[in-house]
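Q: File name coords-v7.cif; file contents mmCIF, C-alpha atoms and all ligand atoms; full text below.
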```cif
data_input
loop_
_atom_site.label_atom_id
_atom_site.label_comp_id
_atom_site.auth_asym_id
_atom_site.auth_seq_id
_atom_site.Cartn_x
_atom_site.Cartn_y
_atom_site.Cartn_z
CA MET O 223 -2.14 9.82 -20.23
CA SER O 224 -3.69 6.69 -21.68
CA ASP O 225 -1.93 3.39 -21.50
CA ARG O 226 0.02 3.04 -24.75
CA LYS O 227 -0.97 -0.55 -25.43
CA ASN O 228 -4.74 -0.58 -25.34
CA ASN O 229 -5.81 2.95 -24.49
CA ALA O 230 -6.89 1.81 -21.05
CA ILE O 231 -7.34 4.35 -18.29
CA PHE O 232 -5.08 2.90 -15.62
CA LEU O 233 -6.46 3.69 -12.17
CA ASP O 234 -4.72 0.82 -10.41
CA ASN O 235 -1.40 2.41 -9.54
CA ALA O 236 -1.42 0.96 -6.04
CA SER O 237 -1.09 -2.49 -7.59
CA THR O 238 1.86 -1.47 -9.74
CA THR O 239 3.20 1.50 -11.69
CA ALA O 240 4.62 2.19 -15.13
CA MET O 241 8.33 2.73 -15.59
CA ARG O 242 9.66 5.88 -17.20
CA MET O 243 11.82 5.58 -20.28
CA GLU O 244 14.69 7.23 -18.38
CA THR O 245 14.58 4.44 -15.81
CA LEU O 246 14.68 1.77 -18.48
CA GLU O 247 17.58 3.58 -20.19
CA ALA O 248 19.48 3.77 -16.90
CA MET O 249 19.08 -0.01 -16.49
CA GLU O 250 19.96 -1.05 -20.03
CA PRO O 251 23.78 -1.01 -19.83
CA TYR O 252 23.63 -3.42 -16.89
CA PHE O 253 21.98 -6.04 -19.08
CA LEU O 254 24.09 -5.53 -22.19
CA GLU O 255 27.56 -4.18 -21.42
CA ASP O 256 28.18 -3.86 -17.71
CA TYR O 257 26.60 -7.20 -16.92
CA GLY O 258 29.37 -8.27 -14.54
CA ASN O 259 28.64 -9.62 -11.11
CA PRO O 260 29.26 -6.92 -8.50
CA SER O 261 30.72 -9.55 -6.18
CA SER O 262 33.50 -10.27 -8.71
CA ILE O 263 36.97 -9.05 -7.89
CA HIS O 264 37.95 -8.65 -11.56
CA SER O 265 37.35 -5.44 -13.50
CA MET O 266 33.86 -6.39 -14.77
CA GLY O 267 32.56 -6.30 -11.23
CA ARG O 268 33.50 -2.73 -10.59
CA THR O 269 31.03 -0.68 -12.66
CA PRO O 270 27.94 -2.62 -11.49
CA ARG O 271 29.23 -2.48 -7.90
CA ASP O 272 29.58 1.31 -8.11
CA ALA O 273 26.15 1.64 -9.72
CA CYS O 274 24.53 -0.30 -6.85
CA GLN O 275 26.28 1.90 -4.33
CA ARG O 276 24.98 5.01 -6.07
CA ALA O 277 21.43 3.66 -5.93
CA ARG O 278 21.88 2.82 -2.24
CA LYS O 279 23.00 6.37 -1.59
CA THR O 280 20.07 7.92 -3.50
CA ILE O 281 17.51 5.79 -1.69
CA SER O 282 19.02 6.36 1.75
CA TYR O 283 19.07 10.11 1.16
CA ILE O 284 15.34 10.18 0.33
CA ILE O 285 14.34 8.62 3.66
CA ASN O 286 17.12 10.33 5.68
CA ALA O 287 19.01 7.09 6.31
CA GLU O 288 22.65 6.09 5.80
CA PRO O 289 23.61 4.05 2.70
CA GLU O 290 24.79 1.17 4.94
CA GLU O 291 21.30 0.95 6.39
CA ILE O 292 19.72 -0.05 3.05
CA PHE O 293 19.54 -3.78 2.17
CA PHE O 294 18.28 -4.70 -1.27
CA THR O 295 15.63 -7.44 -1.44
CA SER O 296 13.26 -8.84 -4.05
CA GLY O 297 10.42 -6.52 -2.96
CA GLY O 298 7.94 -5.63 -0.26
CA THR O 299 6.88 -9.17 0.56
CA GLU O 300 10.43 -10.33 1.22
CA SER O 301 11.27 -7.22 3.26
CA ASP O 302 8.16 -7.69 5.42
CA ASN O 303 8.83 -11.40 5.91
CA TRP O 304 12.45 -10.72 6.79
CA ALA O 305 11.72 -8.00 9.34
CA ILE O 306 9.03 -9.90 11.23
CA THR O 307 10.54 -13.39 11.10
CA SER O 308 14.06 -12.38 12.04
CA VAL O 309 13.01 -10.24 15.00
CA ALA O 310 10.68 -13.00 16.25
CA ARG O 311 13.31 -15.73 16.02
CA LYS O 312 15.95 -13.63 17.72
CA ALA O 313 13.60 -12.51 20.50
CA GLY O 314 12.18 -15.99 21.19
CA LYS O 315 8.74 -17.29 22.04
CA GLU O 316 8.49 -15.55 25.42
CA LYS O 317 8.39 -12.16 23.69
CA ASN O 318 5.48 -10.81 21.67
CA ILE O 319 4.99 -8.98 18.39
CA VAL O 320 2.23 -6.45 17.76
CA VAL O 321 0.82 -5.90 14.27
CA SER O 322 -2.18 -3.90 13.10
CA LYS O 323 -5.25 -5.69 11.77
CA ILE O 324 -5.08 -3.84 8.46
CA GLU O 325 -1.52 -4.82 7.49
CA HIS O 326 -0.79 -6.30 4.09
CA HIS O 327 -0.96 -10.10 3.91
CA ALA O 328 2.86 -10.16 3.71
CA ILE O 329 2.81 -9.13 7.38
CA LEU O 330 -0.41 -10.81 8.50
CA GLU O 331 0.33 -14.23 7.05
CA THR O 332 3.89 -14.14 8.37
CA ALA O 333 2.50 -13.31 11.81
CA ASP O 334 -0.06 -16.14 11.50
CA ALA O 335 2.67 -18.62 10.55
CA LEU O 336 4.83 -17.54 13.49
CA GLU O 337 1.85 -17.86 15.81
CA LYS O 338 1.32 -21.45 14.65
CA GLU O 339 4.95 -22.12 15.64
CA GLY O 340 4.22 -20.82 19.14
CA PHE O 341 5.26 -17.16 18.88
CA ARG O 342 3.04 -14.60 20.58
CA ILE O 343 1.25 -12.26 18.22
CA ARG O 344 -1.02 -9.42 19.27
CA ARG O 345 -3.24 -7.56 16.82
CA VAL O 346 -4.24 -3.94 17.27
CA GLY O 347 -7.50 -2.65 15.77
CA VAL O 348 -8.26 0.54 13.87
CA ASP O 349 -11.05 3.10 14.00
CA ALA O 350 -13.67 3.67 11.31
CA ASP O 351 -11.18 5.76 9.30
CA GLY O 352 -8.49 3.10 9.47
CA LEU O 353 -6.29 4.85 12.04
CA VAL O 354 -4.60 2.55 14.55
CA ASP O 355 -6.23 2.71 17.97
CA LEU O 356 -3.38 4.24 19.96
CA GLU O 357 -5.03 3.58 23.33
CA GLU O 358 -5.42 -0.10 22.52
CA LEU O 359 -1.84 -0.15 21.24
CA LYS O 360 -0.62 1.18 24.60
CA THR O 361 -2.35 -1.71 26.36
CA LEU O 362 -0.88 -4.30 23.97
CA VAL O 363 2.74 -3.13 24.01
CA ASP O 364 4.60 -4.17 27.16
CA GLU O 365 8.14 -4.94 28.35
CA ASP O 366 7.97 -8.27 26.50
CA THR O 367 7.15 -6.71 23.14
CA ALA O 368 9.99 -7.26 20.69
CA LEU O 369 8.46 -5.48 17.72
CA VAL O 370 5.56 -3.28 16.68
CA SER O 371 4.75 -3.33 12.97
CA VAL O 372 2.29 -0.81 11.54
CA MET O 373 2.17 0.17 7.88
CA THR O 374 2.90 3.75 6.82
CA ALA O 375 -0.18 3.96 4.59
CA ASN O 376 -2.80 1.38 3.80
CA ASN O 377 -2.85 -0.11 0.31
CA GLU O 378 -6.64 -0.36 0.14
CA ILE O 379 -8.09 2.69 1.86
CA GLY O 380 -5.04 4.97 1.78
CA THR O 381 -5.10 5.98 5.45
CA ILE O 382 -1.74 7.37 6.62
CA GLN O 383 -0.79 6.31 10.16
CA PRO O 384 0.71 8.60 12.83
CA LEU O 385 4.08 6.85 12.73
CA LYS O 386 5.85 9.10 15.22
CA GLU O 387 3.25 8.46 17.93
CA ILE O 388 3.31 4.74 17.20
CA SER O 389 7.10 4.50 17.33
CA GLU O 390 7.09 6.41 20.63
CA ILE O 391 4.67 3.88 22.13
CA ALA O 392 6.90 1.02 20.93
CA HIS O 393 10.14 2.62 22.11
CA ALA O 394 8.71 3.54 25.52
CA LYS O 395 8.63 -0.21 26.27
CA GLY O 396 11.91 -1.01 24.53
CA ALA O 397 10.33 -2.55 21.41
CA LEU O 398 11.54 -2.03 17.85
CA PHE O 399 9.31 -0.32 15.31
CA HIS O 400 8.90 -1.61 11.76
CA THR O 401 6.78 0.01 9.08
CA ASP O 402 5.65 -1.35 5.72
CA ALA O 403 6.08 1.74 3.55
CA VAL O 404 5.40 -0.04 0.27
CA GLN O 405 2.52 2.31 -0.64
CA ALA O 406 4.18 5.41 0.78
CA MET O 407 7.76 5.38 -0.52
CA CYS O 408 8.24 8.24 -3.01
CA HIS O 409 4.56 9.18 -2.70
CA ILE O 410 4.66 11.01 0.64
CA PRO O 411 7.66 12.29 2.61
CA ILE O 412 9.33 9.76 4.91
CA ASP O 413 12.04 10.58 7.44
CA VAL O 414 13.15 7.49 9.33
CA ARG O 415 14.99 9.52 11.98
CA GLU O 416 12.23 12.00 12.63
CA MET O 417 9.56 9.27 12.69
CA GLY O 418 11.55 6.91 14.91
CA ILE O 419 11.56 4.04 12.41
CA ASP O 420 13.91 1.12 13.11
CA MET O 421 13.02 -0.91 10.01
CA LEU O 422 11.15 0.01 6.84
CA SER O 423 10.02 -2.11 3.89
CA ALA O 424 9.65 -0.72 0.38
CA SER O 425 9.05 -2.08 -3.11
CA GLY O 426 10.37 -0.60 -6.36
CA HIS O 427 7.43 -1.42 -8.64
CA LYS O 428 5.13 0.81 -6.60
CA PHE O 429 7.13 3.89 -7.58
CA GLY O 430 8.23 3.38 -11.17
CA ALA O 431 10.98 0.79 -10.78
CA PRO O 432 10.75 -2.74 -12.20
CA LYS O 433 9.00 -5.57 -10.38
CA GLY O 434 11.12 -7.86 -8.23
CA ILE O 435 13.26 -5.29 -6.45
CA GLY O 436 12.81 -3.61 -3.09
CA PHE O 437 14.68 -2.86 0.09
CA LEU O 438 14.62 -3.10 3.81
CA PHE O 439 15.97 -0.20 5.83
CA VAL O 440 17.54 -1.46 9.04
CA ARG O 441 18.70 1.20 11.47
CA LYS O 442 22.34 0.92 12.49
CA GLY O 443 22.48 -0.91 15.78
CA VAL O 444 19.50 -3.17 15.06
CA ARG O 445 20.83 -6.71 14.83
CA LEU O 446 18.83 -8.55 12.22
CA ASP O 447 19.73 -12.12 11.27
CA PRO O 448 19.86 -12.96 7.57
CA PHE O 449 16.67 -14.24 6.01
CA MET O 450 18.26 -15.52 2.80
CA ARG O 451 21.46 -17.46 3.34
CA GLY O 452 24.20 -18.63 1.02
CA GLY O 453 26.35 -15.67 0.09
CA ALA O 454 28.12 -12.59 1.33
CA GLN O 455 26.01 -10.07 -0.59
CA GLU O 456 24.50 -7.11 1.30
CA GLU O 457 27.09 -7.44 4.09
CA GLY O 458 26.17 -11.10 4.46
CA ARG O 459 22.65 -10.19 5.54
CA ARG O 460 20.81 -10.90 2.30
CA ALA O 461 22.41 -13.59 0.17
CA GLY O 462 21.78 -14.03 -3.55
CA THR O 463 23.39 -12.65 -6.70
CA THR O 464 22.75 -8.93 -6.81
CA ASN O 465 19.92 -7.76 -9.10
CA VAL O 466 21.98 -4.97 -10.62
CA PRO O 467 19.54 -3.70 -13.29
CA GLY O 468 16.72 -3.78 -10.74
CA ILE O 469 18.72 -1.87 -8.16
CA VAL O 470 19.86 0.71 -10.72
CA GLY O 471 16.24 1.06 -11.90
CA MET O 472 15.01 1.50 -8.35
CA GLY O 473 17.66 4.15 -7.67
CA LYS O 474 16.73 6.03 -10.84
CA ALA O 475 12.98 5.76 -10.16
CA ALA O 476 13.47 6.95 -6.59
CA GLU O 477 15.46 9.93 -7.84
CA LEU O 478 12.84 10.83 -10.46
CA GLU O 479 9.78 10.28 -8.26
CA SER O 480 11.07 12.06 -5.19
CA ALA O 481 11.99 15.15 -7.21
CA GLY O 482 9.09 17.58 -7.09
CA MET O 483 7.14 15.34 -4.69
CA ALA O 484 5.21 18.27 -3.22
CA ARG O 485 4.00 19.36 -6.66
CA LYS O 486 3.03 15.82 -7.61
CA MET O 487 1.20 15.26 -4.32
CA LYS O 488 -0.78 18.43 -4.97
CA GLU O 489 -1.68 17.54 -8.56
CA ILE O 490 -2.63 13.96 -7.78
CA SER O 491 -4.66 14.86 -4.71
CA GLU O 492 -6.57 17.45 -6.77
CA MET O 493 -7.68 14.66 -9.10
CA ARG O 494 -8.43 12.43 -6.10
CA ASP O 495 -10.56 15.12 -4.42
CA HIS O 496 -12.37 15.84 -7.67
CA ALA O 497 -13.29 12.15 -7.99
CA ILE O 498 -14.41 11.97 -4.35
CA GLU O 499 -16.48 15.13 -4.65
CA ARG O 500 -18.23 13.99 -7.82
CA ILE O 501 -18.94 10.50 -6.50
CA GLU O 502 -20.37 11.83 -3.24
CA LYS O 503 -22.51 14.35 -5.07
CA GLU O 504 -23.70 12.21 -7.97
CA ILE O 505 -23.91 8.63 -6.75
CA PRO O 506 -26.37 7.86 -3.94
CA TYR O 507 -25.56 5.37 -1.17
CA ALA O 508 -21.79 5.77 -1.66
CA LYS O 509 -19.45 5.68 1.32
CA LEU O 510 -15.87 6.93 1.20
CA ASN O 511 -13.52 4.49 2.93
CA GLY O 512 -10.38 5.70 4.68
CA HIS O 513 -9.48 8.95 6.37
CA ARG O 514 -10.59 12.07 4.51
CA GLU O 515 -7.44 14.12 5.18
CA ARG O 516 -4.75 11.66 6.32
CA ARG O 517 -4.93 9.91 2.97
CA LEU O 518 -2.51 8.91 0.19
CA PRO O 519 -2.68 11.49 -2.62
CA GLY O 520 -3.80 8.90 -5.17
CA ASN O 521 -6.30 6.83 -3.18
CA VAL O 522 -10.05 6.79 -3.83
CA ASN O 523 -11.94 3.94 -2.16
CA PHE O 524 -15.72 3.74 -2.05
CA SER O 525 -18.35 1.23 -1.04
CA PHE O 526 -21.58 1.34 -3.02
CA ARG O 527 -24.62 -0.27 -1.52
CA PHE O 528 -26.61 -2.76 -3.61
CA VAL O 529 -23.70 -3.33 -5.96
CA GLU O 530 -21.14 -6.12 -6.25
CA GLY O 531 -17.57 -4.83 -6.50
CA GLU O 532 -16.62 -7.57 -8.96
CA SER O 533 -19.50 -6.77 -11.33
CA LEU O 534 -18.59 -3.10 -11.18
CA LEU O 535 -14.95 -3.88 -11.88
CA MET O 536 -15.93 -5.94 -14.94
CA MET O 537 -18.18 -3.16 -16.28
CA LEU O 538 -15.45 -0.57 -15.81
CA ASN O 539 -12.96 -2.93 -17.41
CA ALA O 540 -15.24 -3.36 -20.43
CA ALA O 541 -15.15 0.43 -20.79
CA GLY O 542 -11.31 0.39 -20.65
CA ILE O 543 -10.99 1.53 -17.05
CA CYS O 544 -8.73 -0.48 -14.73
CA VAL O 545 -9.58 -0.35 -11.03
CA SER O 546 -9.39 -2.83 -8.20
CA THR O 547 -11.83 -4.27 -5.71
CA GLY O 548 -9.31 -3.89 -2.90
CA SER O 549 -5.86 -5.30 -2.50
CA ALA O 550 -4.56 -6.69 -5.80
CA CYS O 551 -3.19 -9.64 -3.91
CA ALA O 552 -6.65 -10.44 -2.57
CA SER O 553 -8.41 -10.42 -5.90
CA GLY O 554 -9.28 -13.89 -7.07
CA SER O 555 -10.78 -14.55 -3.68
CA LEU O 556 -14.38 -13.66 -2.91
CA ASP O 557 -13.73 -13.06 0.79
CA PRO O 558 -14.41 -9.45 1.72
CA SER O 559 -11.30 -7.40 2.37
CA HIS O 560 -9.92 -7.74 5.93
CA VAL O 561 -9.23 -3.99 5.87
CA LEU O 562 -12.83 -3.05 5.13
CA LEU O 563 -14.07 -5.46 7.81
CA ALA O 564 -11.56 -3.99 10.30
CA ILE O 565 -12.95 -0.48 9.78
CA GLY O 566 -16.36 -1.89 10.64
CA LEU O 567 -18.08 -2.35 7.29
CA PRO O 568 -20.65 -5.14 7.20
CA HIS O 569 -19.84 -7.94 4.72
CA GLU O 570 -22.44 -6.95 2.14
CA ILE O 571 -21.19 -3.36 2.00
CA ALA O 572 -17.53 -4.39 1.94
CA HIS O 573 -18.41 -6.54 -1.10
CA GLY O 574 -19.52 -3.47 -3.03
CA SER O 575 -16.21 -1.62 -2.82
CA ILE O 576 -13.74 -0.46 -5.39
CA ARG O 577 -10.40 1.27 -5.22
CA MET O 578 -9.13 3.73 -7.81
CA SER O 579 -5.46 4.57 -7.37
CA LEU O 580 -4.19 7.54 -9.32
CA SER O 581 -0.77 8.58 -10.56
CA GLU O 582 0.83 11.55 -12.22
CA ARG O 583 0.15 9.92 -15.58
CA ASN O 584 -3.62 10.29 -15.12
CA THR O 585 -5.54 13.38 -16.21
CA MET O 586 -8.71 15.15 -15.03
CA GLU O 587 -10.41 14.01 -18.26
CA GLU O 588 -9.66 10.41 -17.40
CA ILE O 589 -11.02 10.90 -13.89
CA ASP O 590 -14.20 12.45 -15.26
CA LYS O 591 -14.63 9.62 -17.74
CA ALA O 592 -14.09 7.04 -14.98
CA VAL O 593 -16.66 8.70 -12.71
CA ASP O 594 -19.17 8.93 -15.61
CA VAL O 595 -18.77 5.21 -16.35
CA LEU O 596 -18.88 4.37 -12.65
CA LYS O 597 -22.10 6.27 -12.26
CA SER O 598 -23.84 4.68 -15.25
CA SER O 599 -22.58 1.20 -14.30
CA ILE O 600 -23.91 1.57 -10.77
CA GLU O 601 -27.26 2.79 -12.12
CA ARG O 602 -27.44 -0.26 -14.40
CA LEU O 603 -26.49 -2.72 -11.69
CA ARG O 604 -28.93 -1.21 -9.23
CA SER O 605 -31.71 -1.24 -11.82
CA MET O 606 -31.30 -5.02 -11.87
CA SER O 607 -31.23 -5.36 -8.09
CA PRO O 608 -34.51 -6.31 -6.36
CA LEU O 609 -32.88 -5.38 -3.05
CA TYR O 610 -32.25 -1.85 -4.26
CA GLU O 611 -35.76 -1.47 -5.60
CA ASP O 612 -37.14 -2.70 -2.31
CA TYR O 613 -34.92 -0.38 -0.30
CA VAL O 614 -35.82 2.70 -2.32
CA LYS O 615 -39.52 1.94 -1.93
CA LYS O 616 -39.02 1.53 1.81
CA GLU O 617 -37.17 4.83 2.03
CA LYS O 618 -39.90 6.62 0.07
CA CYS O 619 -42.57 5.17 2.33
CA GLN O 620 -40.67 6.19 5.42
CA ARG O 621 -40.30 9.69 4.08
CA CYS O 622 -44.03 10.10 3.54
CA HIS O 623 -44.82 8.34 6.87
CA THR O 624 -47.00 5.65 5.37
CA THR O 625 -47.20 1.99 6.27
CA GLU O 626 -47.49 1.18 2.61
CA TYR O 627 -44.09 -0.49 2.62
CA THR O 628 -45.24 -3.62 4.41
CA ALA O 629 -47.97 -4.00 1.83
CA ILE O 630 -45.58 -3.56 -1.08
CA ARG O 631 -43.31 -6.17 0.30
N1 LIG S 1 2.94 -4.26 1.43
C1 LIG S 1 1.98 -3.49 0.89
C2 LIG S 1 1.33 -2.43 1.70
C3 LIG S 1 1.60 -3.69 -0.44
O1 LIG S 1 0.65 -2.91 -0.99
C4 LIG S 1 2.24 -4.71 -1.20
C5 LIG S 1 1.82 -4.99 -2.58
O2 LIG S 1 0.74 -4.66 -3.01
C6 LIG S 1 3.26 -5.46 -0.58
C7 LIG S 1 3.57 -5.21 0.74
C8 LIG S 1 4.00 -6.52 -1.34
O3 LIG S 1 4.98 -5.91 -2.14
P1 LIG S 1 5.64 -6.68 -3.38
O4 LIG S 1 4.65 -6.66 -4.47
O5 LIG S 1 6.85 -5.89 -3.72
O6 LIG S 1 6.00 -8.04 -2.90
#
```
Write the structure described by the file as structure tokens, please.

A:
Amino acid sequence: MSDRKNNAIFLDNASTTAMRMETLEAMEPYFLEDYGNPSSIHSMGRTPRDACQRARKTISYIINAEPEEIFFTSGGTESDNWAITSVARKAGKEKNIVVSKIEHHAILETADALEKEGFRIRRVGVDADGLVDLEELKTLVDEDTALVSVMTANNEIGTIQPLKEISEIAHAKGALFHTDAVQAMCHIPIDVREMGIDMLSASGHKFGAPKGIGFLFVRKGVRLDPFMRGGAQEEGRRAGTTNVPGIVGMGKAAELESAGMARKMKEISEMRDHAIERIEKEIPYAKLNGHRERRLPGNVNFSFRFVEGESLLMMLNAAGICVSTGSACASGSLDPSHVLLAIGLPHEIAHGSIRMSLSERNTMEEIDKAVDVLKSSIERLRSMSPLYEDYVKKEKCQRCHTTEYTAIR
């Protein structure tokens, strides 16, 4: 389905998602009629309070948690900051925290800041598909590890981590396990009990809720100090006047998106696989990034040699196709993505990468149009690249076993 405003083909659903009308309608009364503060004792507090509790219940049910284990926050960034910072401060500087090298900046920059204060941070690498190196993890986690934090699925390359194995490694040494599930919540099944998750971050706007609302799941028994102080909201663990419309919207979106998840995963991954197949068949020197099977249903990430990701993005944009050159939060910077470098891509190849992230609102026709435009844009960019011309000549020479190449050069 095309974007209503400008007919754009929106293939950037990992950066944010559209809300459904039903979600907006569910939120509306909490702006206009039932706008009371849920902390109020008088009658106007009651309806919004009940609505927030219903949303808490819905969300907890989807991840197999208890309602009291869900703490509403302003989004993924806050949840990540809270989890890491609070565990570090409680554990003290003698303990260590292990994070993966491909975490979102909300985790990595928090870890960097803690390290500057003297906390011990260890960083585990990933293989060429983006899977955490479990053997290295075992060597990094010890009796002094307070927390292991590894994301459920990567926002750039879509690789889904083996959470159960990771949590077992953490728990074997008495460490807590946190996962940033911002890209996974309502897109793939999550069971906090089965997967051994102690804390989980999620963000509403990645699954059809408004921006500025999210939650942190904290398993009962995990003592987490408040991150925001100044009020008794969320059992005194997250102060600040409750964002009732946001919470109601997130509850409604979670209900709508989790219903029929298996069907949606199938439909979206069919479009994803179609895009991958066409790109691999029709565009030379294209490399799929991320794990081929353990991959988010909507993620397509490719590096194209002899092409600049930014130029490609602008050409696609001019044709009404919205994609990303990696993490939305990293755009605006010309540094290559830390995720692509961590999976071993050289800088110049990492620079030629784009991510298309699909949703249920997309259609096969849109995917075909996007691949057609991608293909012609890459052909145009390469036709202007002396490096490409040179490389193709070299390849041809090598194929016919001549030494002509040196002469051409
Ligand atoms: N974690 C991951 C994996 C993300 O992809 C994002 C946003 O792109 C965040 C955290 C930050 O979430 P929010 O936008 O809700 O602050």

Q: When you count only C-alpha atoms and all ligand atoms, which of these residues is closest to ligand LIG 1 (chain S): O:Lys428, O:Lys279, O:Lys323, O:Lys386?

A: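 The shortest atom-to-atom distance to ligand LIG 1 (chain S) comes from O:Lys428.
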
Q: 9 Å from ligand LIG 1 (chain S) is the threshold here; counting only C-alpha atoms and all ligand atoms, which polymer residues fall inside it? Answer as a count of residues only.

A: 39

Q: Considering all atoms listed in the file, can you say which of O:Ala368, O:Cys274, O:Leu478, O:Leu538 comes closest to Ala431 of chain O?

A: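 Among the listed residues, the smallest separation from Ala431 of chain O belongs to O:Leu478.
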
Q: Find the distance between atom CA of Val321 of chain O and atom CA of Gly566 of chain O and write it in Å to one decimal.

A: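 Taking atom CA of Val321 of chain O and atom CA of Gly566 of chain O, their separation equals 18.0 Å.
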
Q: May I ask which of the residues O:Lys488, O:His496, O:Arg459, O:Arg415 is the closest one to Phe293 of chain O, counting all atoms listed in the file?

A: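 Looking at the shortest contact to Phe293 of chain O, the residue is O:Arg459.
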
Q: Tell me, in Å to one decimal, how far atom CA of Met537 of chain O is from atom CA of Gly430 of chain O.

A: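 One can read the atom CA of Met537 of chain O to atom CA of Gly430 of chain O distance as 27.7 Å.
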
Q: Which distance in Å separates atom CA of Asp590 of chain O and atom CA of Gly380 of chain O, to one decimal?

A: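 Value for the atom CA of Asp590 of chain O-atom CA of Gly380 of chain O distance: 20.7 Å.
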
Q: Which residue gives the smallest distance to Pro270 of chain O among O:Cys544, O:Ala454, O:Val466, O:Met249, with all atoms listed in the file counted?

A: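 Going through O:Cys544, O:Ala454, O:Val466, O:Met249 one by one, the smallest distance to Pro270 of chain O is for O:Val466.
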
Q: Work out where the centre of an axis-aligned box around every listed atom of segment 416-419 of chain O lies and how long its edges are once 6 Å is added on each side; give both in Å to one decimal as JSON.

A:
```
{"center_x": 10.9, "center_y": 8.0, "center_z": 13.7, "size_x": 14.7, "size_y": 20.0, "size_z": 14.5}
```

Q: Which is closer to Thr307 of chain O than all the others in O:Glu499, O:Glu339, O:Glu617, O:Glu479, using all atoms listed in the file?

A: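 Between O:Glu499, O:Glu339, O:Glu617, O:Glu479, the residue approaching Thr307 of chain O most closely is O:Glu339.
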
Q: Write out as an MDAnalysis selection string which residues come within 8 Å of Asp447 of chain O when counting all atoms listed in the file, dropping same-chain ones fewer than 2 positions away.

A: chainID O and resid 308:309 312 445 449 459

Q: Starting from the sparse input, extend segment 463-467 of chain O to all heavy atoms and give the output as a CSV table (one decimal), keeping the file's coordinate frame.

A:
```csv
chain,number,residue,atom,x,y,z
O,463,THR,N,22.7,-13.5,-5.7
O,463,THR,CA,23.4,-12.6,-6.7
O,463,THR,C,22.6,-11.3,-6.9
O,463,THR,O,21.4,-11.3,-7.0
O,463,THR,CB,23.6,-13.4,-8.0
O,463,THR,OG1,24.3,-14.6,-7.8
O,463,THR,CG2,24.3,-12.5,-9.1
O,464,THR,N,23.4,-10.3,-6.8
O,464,THR,CA,22.8,-8.9,-6.8
O,464,THR,C,22.0,-8.6,-8.1
O,464,THR,O,22.5,-8.9,-9.2
O,464,THR,CB,23.9,-7.9,-6.6
O,464,THR,OG1,24.7,-8.3,-5.5
O,464,THR,CG2,23.3,-6.5,-6.4
O,465,ASN,N,20.8,-8.1,-8.0
O,465,ASN,CA,19.9,-7.8,-9.1
O,465,ASN,C,20.3,-6.4,-9.5
O,465,ASN,O,19.6,-5.4,-9.3
O,465,ASN,CB,18.5,-7.8,-8.6
O,465,ASN,CG,17.5,-7.4,-9.7
O,465,ASN,OD1,17.9,-6.9,-10.8
O,465,ASN,ND2,16.2,-7.4,-9.4
O,466,VAL,N,21.4,-6.3,-10.3
O,466,VAL,CA,22.0,-5.0,-10.6
O,466,VAL,C,21.0,-4.1,-11.4
O,466,VAL,O,20.7,-3.0,-11.0
O,466,VAL,CB,23.4,-5.1,-11.3
O,466,VAL,CG1,23.9,-3.7,-11.6
O,466,VAL,CG2,24.3,-5.9,-10.5
O,467,PRO,N,20.5,-4.6,-12.6
O,467,PRO,CA,19.5,-3.7,-13.3
O,467,PRO,C,18.4,-3.2,-12.4
O,467,PRO,O,18.0,-2.1,-12.5
O,467,PRO,CB,19.1,-4.6,-14.5
O,467,PRO,CG,20.0,-5.7,-14.6
O,467,PRO,CD,20.6,-5.9,-13.2
```
